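Chemist: The structure follows.
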Protein chains: 2
Amino acid sequence: MLALHCGADRQVSLKDLPQPRPGPGEALIRVTLAGICGTDLQILRGYHDFKGVMGHEFVGVVAGPPSSSWLGKRVVGEINVSCGDCDLCRSGLPRHCRTRRVIGIRDRDGAFAPYLTLPEANLLAVPPQVEDEAAVFTEPLAAALAAVDAVPLSRNSPVLVIGDGRLGLLISWALALSDTRVHLVGHHAEHLSLAQPYGVATFLEQDLPPGDYAAVVEASAAAPGLDLALARVRPKGTVIMKSTYVQPYPLDSANLVVPEVRLIGSRCGPMGPALRLLARGLINHRALIDRTFSLSQGVEALEWAQRPGVLKVLLDCRD
Amino acid sequence: MLALHCGADRQVSLKDLPQPRPGPGEALIRVTLAGICGTDLQILRGYHDFKGVMGHEFVGVVAGPPSSSWLGKRVVGEINVSCGDCDLCRSGLPRHCRTRRVIGIRDRDGAFAPYLTLPEANLLAVPPQVEDEAAVFTEPLAAALAAVDAVPLSRNSPVLVIGDGRLGLLISWALALSDTRVHLVGHHAEHLSLAQPYGVATFLEQDLPPGDYAAVVEASAAAPGLDLALARVRPKGTVIMKSTYVQPYPLDSANLVVPEVRLIGSRCGPMGPALRLLARGLINHRALIDRTFSLSQGVEALEWAQRPGVLKVLLDCRD
């Protein structure tokens, strides 16, 4: 099969690879659609070493083994493959398993391919009312929900979300759907307008009114986003960091210690609740799709996804 | 009166100043003993701009106004002077008042002087069984208790405290007294030995056994301490930052986001509980006192306090 592969020196190419064979307890999944994520782009910029088939956002159909009770089912999958046996797995943190592998990110082939394998324990069945173009957003929506879960509950004071890209929009929508007041700040009026139907108050950065926030979510994927977060968080407030930056961030420790601010890292989230939210039809996923490429155009798709202001780029992986 | 004054370009000198006059609702305090804190030394290194009489750790006796119900009482004092009226004061965060002044640190003269003034609302009476040499530790002990309060409660897994200086020792003692298992890591065997009677397990840094911690308190006042904290905190764990560094810290955002770590800034703490802990005789304050200088030797005292491995330096402020 031809798969989008990241090799030595972060060289990406379509590579002819054998179809993967599921191990014990694993399923073979025929990938329908896959999504390009900021993490994929950061891997290309050297965020961390990964060699193998890229991609972790996907929806597909179980194609094997023939004995599997999942055969023929439409699925999405938890991207962290955990041992189930270490202290972190046993304490309810399988996404932080000591020996975890992560499809397309760490030590395990990913979804930018016609086929991938995953443990059956990682699979979630996609309800019929969730179309493939929605289901492919399950993983990024789960990551958005992780940020929502980290926001201290307050119905009274607004939460500031920084960044009007895919993740910032999903976070602002999910917060608004959980009855939280949201201010979204970004640089693209046309992106910000996608949050307004959810009741989100939106601002171009230069128009953000003065004042501070008990909670700020930094989802801009750029260091000035964290500058703004630390400038706008209230004393004793919380900054949730969704973004990793390729370069070290020059943290002024006084900005944390003196106002006693909490800086909370947030990565993956719960897939089941994300899928339920999609099933309720409350996520305007179509508005997030910039363009769909065929897998054979994968290299161009990755280039396209790096253009400023591009929202979600999908790959049609059916060969 | 002669007071230890920080002027332009962080020039410290004994300066002849008029005795301060208490405003409405304020008391005049004759300072008995004052303590030199890491923050005082950081102000000298340019941590932030302060001009005026230095010092915020003190014990003294109320000397005026004649009508005060506090007259003649031995007192310590909350160092943050708050308006009582802003949104943060009204929401129970007076130590983060929008217009707060802090004695010896921000916009208000401090305690390295024979006299200082403070609002009576800031005063706490010192119980008779607490000697002056103990009472002068109320403020740093309160700061240590703030770190203790920020540690997620766990009786089972140890908390790692980084730094065997004054603050690291106070924090490790206070944690141990609250029935928490503590590992203290530092560079001075003779300081570490002061924690052992509290049941604290102590380690020179090169001897710290492998493993990670659900909670780490960084109290080393040096960037390598935060490196160690982030290397040793468990996924989903908490790092409490007590130290400010003069230089920006180069934060690798992946060290927060991927393991979903919480980094919590912590500054001042509750004076009342600290005074109660001192009154119970459980804090080995005498072991922390390196040397007591007279206020007239204040410049030398500040120099002495900057020598590596020096614990608490006190100033006898009685003229």
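In the structure tokens, the first chain shown is A, the next is B, and so on; residue numbers restart at 1 for each chain, and ligands run from 1 in the order shown.
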Near chain B, meaning an atom within 8 Å, which residues of chain A appear when counting only C-alpha atoms? Write them as an MDAnalysis selection string.

Modeler: chainID A and resid 96 235 241:245 247:254 256:267

Chemist: For the residues in the current selection, export C-alpha atoms as a PDB file, in the first residue's frame.

Modeler:
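Contents of the output file out.pdb:
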```pdb
ATOM      1  CA  HIS A  96       0.057   8.511  30.041  1.00  0.00           C
ATOM      2  CA  PRO A 235      -4.277  36.561  39.906  1.00  0.00           C
ATOM      3  CA  MET A 241      -1.862  25.324  27.481  1.00  0.00           C
ATOM      4  CA  LYS A 242      -2.941  23.270  24.480  1.00  0.00           C
ATOM      5  CA  SER A 243      -0.101  24.279  22.209  1.00  0.00           C
ATOM      6  CA  THR A 244       3.454  23.113  22.026  1.00  0.00           C
ATOM      7  CA  TYR A 245       6.018  25.424  20.493  1.00  0.00           C
ATOM      8  CA  GLN A 247      11.260  26.862  20.425  1.00  0.00           C
ATOM      9  CA  PRO A 248      11.584  27.123  24.231  1.00  0.00           C
ATOM     10  CA  TYR A 249       9.270  29.769  25.682  1.00  0.00           C
ATOM     11  CA  PRO A 250      11.118  32.419  27.745  1.00  0.00           C
ATOM     12  CA  LEU A 251       8.979  32.212  30.878  1.00  0.00           C
ATOM     13  CA  ASP A 252       9.216  35.143  33.297  1.00  0.00           C
ATOM     14  CA  SER A 253       8.807  33.204  36.531  1.00  0.00           C
ATOM     15  CA  ALA A 254       7.473  36.322  38.274  1.00  0.00           C
ATOM     16  CA  LEU A 256       3.500  32.841  37.583  1.00  0.00           C
ATOM     17  CA  VAL A 257       4.767  33.231  41.134  1.00  0.00           C
ATOM     18  CA  VAL A 258       3.684  36.779  42.003  1.00  0.00           C
ATOM     19  CA  PRO A 259       0.053  36.483  40.780  1.00  0.00           C
ATOM     20  CA  GLU A 260       0.015  32.784  41.842  1.00  0.00           C
ATOM     21  CA  VAL A 261      -1.171  31.672  38.421  1.00  0.00           C
ATOM     22  CA  ARG A 262      -1.719  28.037  37.408  1.00  0.00           C
ATOM     23  CA  LEU A 263      -0.356  26.884  34.059  1.00  0.00           C
ATOM     24  CA  ILE A 264      -1.916  23.555  33.092  1.00  0.00           C
ATOM     25  CA  GLY A 265      -0.736  21.443  30.169  1.00  0.00           C
ATOM     26  CA  SER A 266      -3.484  19.655  28.257  1.00  0.00           C
ATOM     27  CA  ARG A 267      -3.136  17.118  25.460  1.00  0.00           C
TER      28      ARG A 267
END
```

Chemist: All Cα atoms, paired in order, least squares: that's the fit I need for chain B onto chain A, output as a short mmCIF file (atom, residue, chain, number, x, y, z; two decimals) with C-alpha atoms, in the first residue's frame.

Modeler:
```cif
data_model
loop_
_atom_site.label_atom_id
_atom_site.label_comp_id
_atom_site.auth_asym_id
_atom_site.auth_seq_id
_atom_site.Cartn_x
_atom_site.Cartn_y
_atom_site.Cartn_z
CA MET B 1 -0.01 0.00 0.00
CA LEU B 2 1.11 3.61 -0.53
CA ALA B 3 1.31 5.51 2.78
CA LEU B 4 2.48 8.98 3.80
CA HIS B 5 5.73 8.25 5.56
CA CYS B 6 8.08 10.40 7.63
CA GLY B 7 11.64 9.19 7.30
CA ALA B 8 15.09 10.26 8.43
CA ASP B 9 15.61 14.05 8.57
CA ARG B 10 11.83 14.49 8.56
CA GLN B 11 11.61 13.70 4.85
CA VAL B 12 7.98 12.97 3.96
CA SER B 13 7.12 10.80 0.99
CA LEU B 14 4.54 8.40 -0.33
CA LYS B 15 6.12 5.05 0.42
CA ASP B 16 5.11 1.60 -0.72
CA LEU B 17 4.72 -0.44 2.44
CA PRO B 18 3.27 -3.88 3.19
CA GLN B 19 -0.27 -3.82 4.50
CA PRO B 20 0.00 -3.97 8.32
CA ARG B 21 -1.00 -7.21 10.07
CA PRO B 22 -3.02 -6.91 13.26
CA GLY B 23 -1.41 -8.47 16.34
CA PRO B 24 -3.34 -10.36 19.04
CA GLY B 25 -6.32 -8.32 20.20
CA GLU B 26 -5.88 -5.86 17.36
CA ALA B 27 -8.06 -4.90 14.44
CA LEU B 28 -7.13 -4.02 10.88
CA ILE B 29 -8.85 -0.80 9.87
CA ARG B 30 -9.44 0.39 6.33
CA VAL B 31 -9.04 4.16 6.67
CA THR B 32 -11.74 6.26 5.02
CA LEU B 33 -10.76 9.80 5.96
CA ALA B 34 -7.86 11.20 7.96
CA GLY B 35 -7.22 14.72 9.23
CA ILE B 36 -3.99 16.71 9.31
CA CYS B 37 -3.32 18.11 12.78
CA GLY B 38 -0.98 20.79 14.09
CA THR B 39 1.05 18.04 15.72
CA ASP B 40 1.70 16.49 12.28
CA LEU B 41 3.05 19.82 11.08
CA GLN B 42 5.15 20.25 14.23
CA ILE B 43 6.69 16.81 13.70
CA LEU B 44 7.80 18.07 10.28
CA ARG B 45 9.33 21.12 11.98
CA GLY B 46 11.29 18.97 14.39
CA TYR B 47 9.05 19.08 17.45
CA HIS B 48 10.09 15.54 18.17
CA ASP B 49 11.52 12.53 16.45
CA PHE B 50 9.07 10.29 14.68
CA LYS B 51 9.70 7.86 11.89
CA GLY B 52 6.87 5.92 10.30
CA VAL B 53 3.43 6.41 8.80
CA MET B 54 2.07 9.77 9.92
CA GLY B 55 -1.45 10.67 11.06
CA HIS B 56 -3.63 10.10 14.10
CA GLU B 57 -7.03 11.62 13.24
CA PHE B 58 -9.11 9.12 11.27
CA VAL B 59 -12.35 7.33 10.65
CA GLY B 60 -12.44 3.92 9.00
CA VAL B 61 -14.04 0.53 8.73
CA VAL B 62 -12.79 -2.63 10.45
CA ALA B 63 -11.50 -4.99 7.78
CA GLY B 64 -10.03 -7.78 9.88
CA PRO B 65 -9.25 -10.17 11.34
CA PRO B 66 -12.17 -12.21 10.02
CA SER B 67 -12.97 -13.43 13.54
CA SER B 68 -13.35 -9.92 14.97
CA SER B 69 -16.69 -8.86 16.41
CA TRP B 70 -15.82 -5.41 15.05
CA LEU B 71 -15.68 -6.60 11.43
CA GLY B 72 -17.43 -4.17 9.06
CA LYS B 73 -18.06 -1.60 11.76
CA ARG B 74 -17.33 2.07 11.19
CA VAL B 75 -14.91 3.21 13.87
CA VAL B 76 -12.71 5.93 15.29
CA GLY B 77 -9.91 5.11 17.70
CA GLU B 78 -8.13 6.26 20.83
CA ILE B 79 -4.67 7.19 19.55
CA ASN B 80 -2.66 6.20 22.65
CA VAL B 81 -1.79 2.51 22.78
CA SER B 82 -1.25 1.61 26.44
CA CYS B 83 0.13 -1.42 28.26
CA GLY B 84 -2.74 -1.55 30.77
CA ASP B 85 -0.33 -2.77 33.41
CA CYS B 86 2.00 0.02 34.56
CA ASP B 87 1.32 2.22 37.60
CA LEU B 88 -0.10 5.02 35.46
CA CYS B 89 -2.43 2.71 33.51
CA ARG B 90 -3.56 1.17 36.80
CA SER B 91 -4.17 4.59 38.33
CA GLY B 92 -6.56 5.55 35.55
CA LEU B 93 -4.11 7.37 33.31
CA PRO B 94 -3.72 5.03 30.32
CA ARG B 95 -3.13 7.98 28.01
CA HIS B 96 0.06 8.52 30.05
CA CYS B 97 1.13 4.85 30.04
CA ARG B 98 4.87 4.48 30.80
CA THR B 99 5.43 2.62 27.54
CA ARG B 100 2.70 4.20 25.46
CA ARG B 101 2.88 4.37 21.75
CA VAL B 102 0.81 6.90 19.82
CA ILE B 103 -0.26 6.29 16.26
CA GLY B 104 1.52 8.61 13.87
CA ILE B 105 3.32 10.40 16.72
CA ARG B 106 5.36 7.97 18.80
CA ASP B 107 6.66 4.52 17.90
CA ARG B 108 3.61 3.34 15.97
CA ASP B 109 2.42 3.71 12.39
CA GLY B 110 -0.47 6.05 11.85
CA ALA B 111 -3.51 6.72 9.70
CA PHE B 112 -2.25 8.46 6.56
CA ALA B 113 -2.49 5.10 4.83
CA PRO B 114 -5.15 2.84 3.35
CA TYR B 115 -4.85 0.56 6.40
CA LEU B 116 -3.75 0.80 10.01
CA THR B 117 -3.95 -1.47 13.02
CA LEU B 118 -5.14 -0.65 16.53
CA PRO B 119 -6.03 -2.71 19.60
CA GLU B 120 -9.75 -3.43 19.58
CA ALA B 121 -9.85 -1.89 23.07
CA ASN B 122 -9.02 1.44 21.43
CA LEU B 123 -11.99 1.39 19.04
CA LEU B 124 -15.24 3.29 19.30
CA ALA B 125 -18.18 2.57 16.99
CA VAL B 126 -19.40 5.59 15.06
CA PRO B 127 -23.20 6.09 15.34
CA PRO B 128 -25.00 6.07 11.97
CA GLN B 129 -26.02 9.74 12.19
CA VAL B 130 -22.35 10.83 12.36
CA GLU B 131 -21.05 11.14 8.81
CA ASP B 132 -17.41 10.36 8.07
CA GLU B 133 -16.59 14.07 7.66
CA ALA B 134 -17.80 14.61 11.25
CA ALA B 135 -16.33 11.44 12.76
CA VAL B 136 -12.84 12.40 11.61
CA PHE B 137 -13.09 15.31 14.09
CA THR B 138 -13.58 13.01 17.09
CA GLU B 139 -9.93 13.12 18.16
CA PRO B 140 -9.43 16.91 17.90
CA LEU B 141 -12.80 17.48 19.55
CA ALA B 142 -11.73 15.16 22.38
CA ALA B 143 -8.56 17.26 22.75
CA ALA B 144 -10.78 20.35 22.93
CA LEU B 145 -12.92 18.71 25.62
CA ALA B 146 -9.78 18.05 27.66
CA ALA B 147 -9.25 21.82 27.74
CA VAL B 148 -12.90 22.35 28.68
CA ASP B 149 -12.52 19.85 31.53
CA ALA B 150 -9.47 21.75 32.82
CA VAL B 151 -11.30 25.10 32.96
CA PRO B 152 -12.44 25.83 36.52
CA LEU B 153 -16.23 25.88 36.43
CA SER B 154 -17.74 29.35 36.44
CA ARG B 155 -21.01 30.40 34.92
CA ASN B 156 -20.41 34.06 35.69
CA SER B 157 -17.07 35.13 34.30
CA PRO B 158 -16.04 34.56 30.69
CA VAL B 159 -13.22 32.27 29.64
CA LEU B 160 -10.73 33.68 27.14
CA VAL B 161 -9.76 31.34 24.29
CA ILE B 162 -6.68 32.43 22.34
CA GLY B 163 -6.40 31.26 18.74
CA ASP B 164 -9.02 31.04 16.00
CA GLY B 165 -7.62 27.98 14.28
CA ARG B 166 -9.26 24.55 14.30
CA LEU B 167 -8.51 23.80 17.93
CA GLY B 168 -9.40 27.26 19.24
CA LEU B 169 -12.73 27.11 17.43
CA LEU B 170 -13.54 23.60 18.70
CA ILE B 171 -12.64 24.66 22.25
CA SER B 172 -14.74 27.82 22.08
CA TRP B 173 -17.70 25.87 20.69
CA ALA B 174 -17.41 23.14 23.30
CA LEU B 175 -17.13 25.70 26.12
CA ALA B 176 -20.16 27.59 24.82
CA LEU B 177 -22.14 24.34 24.55
CA SER B 178 -21.33 23.65 28.22
CA ASP B 179 -23.00 26.95 29.13
CA THR B 180 -19.77 28.87 29.70
CA ARG B 181 -19.36 32.47 28.53
CA VAL B 182 -16.52 32.59 26.01
CA HIS B 183 -14.37 35.34 24.55
CA LEU B 184 -12.41 34.16 21.50
CA VAL B 185 -9.50 36.21 20.24
CA GLY B 186 -7.69 35.66 16.96
CA HIS B 187 -6.38 37.18 13.78
CA HIS B 188 -8.89 36.00 11.15
CA ALA B 189 -12.31 37.68 11.03
CA GLU B 190 -13.65 34.89 8.83
CA HIS B 191 -12.66 32.24 11.40
CA LEU B 192 -13.99 34.26 14.32
CA SER B 193 -17.36 34.50 12.56
CA LEU B 194 -17.69 30.70 12.83
CA ALA B 195 -17.89 31.01 16.62
CA GLN B 196 -20.54 33.69 16.75
CA PRO B 197 -23.52 31.35 16.12
CA TYR B 198 -22.48 29.56 19.33
CA GLY B 199 -22.90 32.79 21.31
CA VAL B 200 -19.14 33.27 21.56
CA ALA B 201 -18.00 36.91 21.77
CA THR B 202 -15.17 37.28 19.26
CA PHE B 203 -12.38 39.82 18.98
CA LEU B 204 -9.50 40.56 16.70
CA GLU B 205 -6.51 40.83 19.02
CA GLN B 206 -6.20 44.60 18.74
CA ASP B 207 -9.88 44.96 19.73
CA LEU B 208 -9.83 42.78 22.85
CA PRO B 209 -11.23 44.97 25.63
CA PRO B 210 -9.12 45.54 28.74
CA GLY B 211 -9.61 43.32 31.76
CA ASP B 212 -8.49 39.96 33.03
CA TYR B 213 -9.89 36.45 33.06
CA ALA B 214 -10.11 33.74 35.70
CA ALA B 215 -9.36 31.19 32.97
CA VAL B 216 -7.54 31.43 29.66
CA VAL B 217 -7.05 28.66 27.09
CA GLU B 218 -3.95 29.11 24.91
CA ALA B 219 -4.61 27.33 21.61
CA SER B 220 -2.77 29.57 19.17
CA ALA B 221 0.28 27.31 18.74
CA ALA B 222 2.53 30.38 18.87
CA ALA B 223 4.52 31.90 21.72
CA PRO B 224 2.78 35.31 21.55
CA GLY B 225 -0.38 33.43 22.51
CA LEU B 226 1.19 32.49 25.84
CA ASP B 227 2.41 36.07 26.28
CA LEU B 228 -1.20 37.22 25.90
CA ALA B 229 -2.50 34.48 28.19
CA LEU B 230 -0.12 35.44 31.01
CA ALA B 231 -0.87 39.13 30.51
CA ARG B 232 -4.63 38.58 30.70
CA VAL B 233 -5.03 35.90 33.37
CA ARG B 234 -6.33 37.12 36.72
CA PRO B 235 -4.29 36.57 39.91
CA LYS B 236 -4.91 33.00 41.13
CA GLY B 237 -6.31 32.26 37.67
CA THR B 238 -5.68 29.34 35.32
CA VAL B 239 -3.98 29.20 31.93
CA ILE B 240 -4.59 26.01 30.00
CA MET B 241 -1.85 25.32 27.49
CA LYS B 242 -2.93 23.27 24.48
CA SER B 243 -0.08 24.28 22.22
CA THR B 244 3.48 23.11 22.03
CA TYR B 245 6.03 25.42 20.49
CA VAL B 246 9.11 24.28 18.64
CA GLN B 247 11.27 26.86 20.43
CA PRO B 248 11.59 27.12 24.24
CA TYR B 249 9.28 29.77 25.69
CA PRO B 250 11.13 32.41 27.75
CA LEU B 251 8.98 32.21 30.90
CA ASP B 252 9.22 35.15 33.30
CA SER B 253 8.79 33.21 36.55
CA ALA B 254 7.47 36.33 38.28
CA ASN B 255 4.44 36.15 35.95
CA LEU B 256 3.51 32.85 37.59
CA VAL B 257 4.76 33.24 41.15
CA VAL B 258 3.67 36.80 42.01
CA PRO B 259 0.05 36.49 40.78
CA GLU B 260 0.01 32.80 41.85
CA VAL B 261 -1.17 31.67 38.43
CA ARG B 262 -1.71 28.02 37.41
CA LEU B 263 -0.35 26.88 34.08
CA ILE B 264 -1.90 23.55 33.10
CA GLY B 265 -0.73 21.45 30.18
CA SER B 266 -3.48 19.65 28.27
CA ARG B 267 -3.12 17.13 25.46
CA CYS B 268 -5.54 14.33 24.54
CA GLY B 269 -9.10 14.05 25.72
CA PRO B 270 -12.03 11.66 26.03
CA MET B 271 -13.15 10.18 22.69
CA GLY B 272 -16.55 8.91 23.85
CA PRO B 273 -17.94 12.29 24.94
CA ALA B 274 -16.56 13.85 21.73
CA LEU B 275 -18.36 11.27 19.61
CA ARG B 276 -21.59 11.88 21.57
CA LEU B 277 -21.29 15.62 20.97
CA LEU B 278 -20.87 14.97 17.24
CA ALA B 279 -23.87 12.62 17.29
CA ARG B 280 -26.00 15.41 18.74
CA GLY B 281 -25.23 17.40 15.58
CA LEU B 282 -23.98 20.38 17.57
CA ILE B 283 -20.54 20.70 15.99
CA ASN B 284 -20.33 22.66 12.73
CA HIS B 285 -17.61 20.39 11.36
CA ARG B 286 -18.24 21.25 7.70
CA ALA B 287 -17.22 24.86 8.34
CA LEU B 288 -13.82 23.64 9.54
CA ILE B 289 -12.95 21.67 6.40
CA ASP B 290 -10.72 23.70 4.12
CA ARG B 291 -10.02 21.06 1.50
CA THR B 292 -9.89 17.29 1.01
CA PHE B 293 -6.96 15.76 -0.84
CA SER B 294 -6.56 12.18 -1.97
CA LEU B 295 -3.88 10.26 -0.06
CA SER B 296 -1.80 10.14 -3.26
CA GLN B 297 -1.59 13.96 -2.97
CA GLY B 298 -0.53 13.67 0.66
CA VAL B 299 2.74 15.60 0.32
CA GLU B 300 0.89 18.53 -1.30
CA ALA B 301 -1.79 18.26 1.38
CA LEU B 302 0.79 18.71 4.15
CA GLU B 303 2.17 21.73 2.33
CA TRP B 304 -1.31 23.16 1.90
CA ALA B 305 -2.08 22.67 5.59
CA GLN B 306 0.88 24.86 6.51
CA ARG B 307 -0.48 27.93 4.72
CA PRO B 308 -1.56 30.64 7.15
CA GLY B 309 -5.28 30.69 7.89
CA VAL B 310 -6.01 27.19 6.56
CA LEU B 311 -8.42 25.25 8.76
CA LYS B 312 -8.76 21.45 8.55
CA VAL B 313 -7.21 19.58 5.63
CA LEU B 314 -8.49 16.03 5.14
CA LEU B 315 -7.05 13.07 3.30
CA ASP B 316 -9.29 10.64 1.48
CA CYS B 317 -7.41 7.39 2.13
CA ARG B 318 -9.53 4.99 0.10
CA ASP B 319 -7.26 3.59 -2.56
#
```

Chemist: Just asking: which residues within segment 35-268 of chain A are strand (DSSP E) according to DSSP, as an MDAnalysis selection string?

Modeler: chainID A and resid 35:36 52:53 57:64 74:77 80:81 101:103 107:108 115:119 123:125 159:162 182:186 201:204 213:218 233:241 249:251 262:265
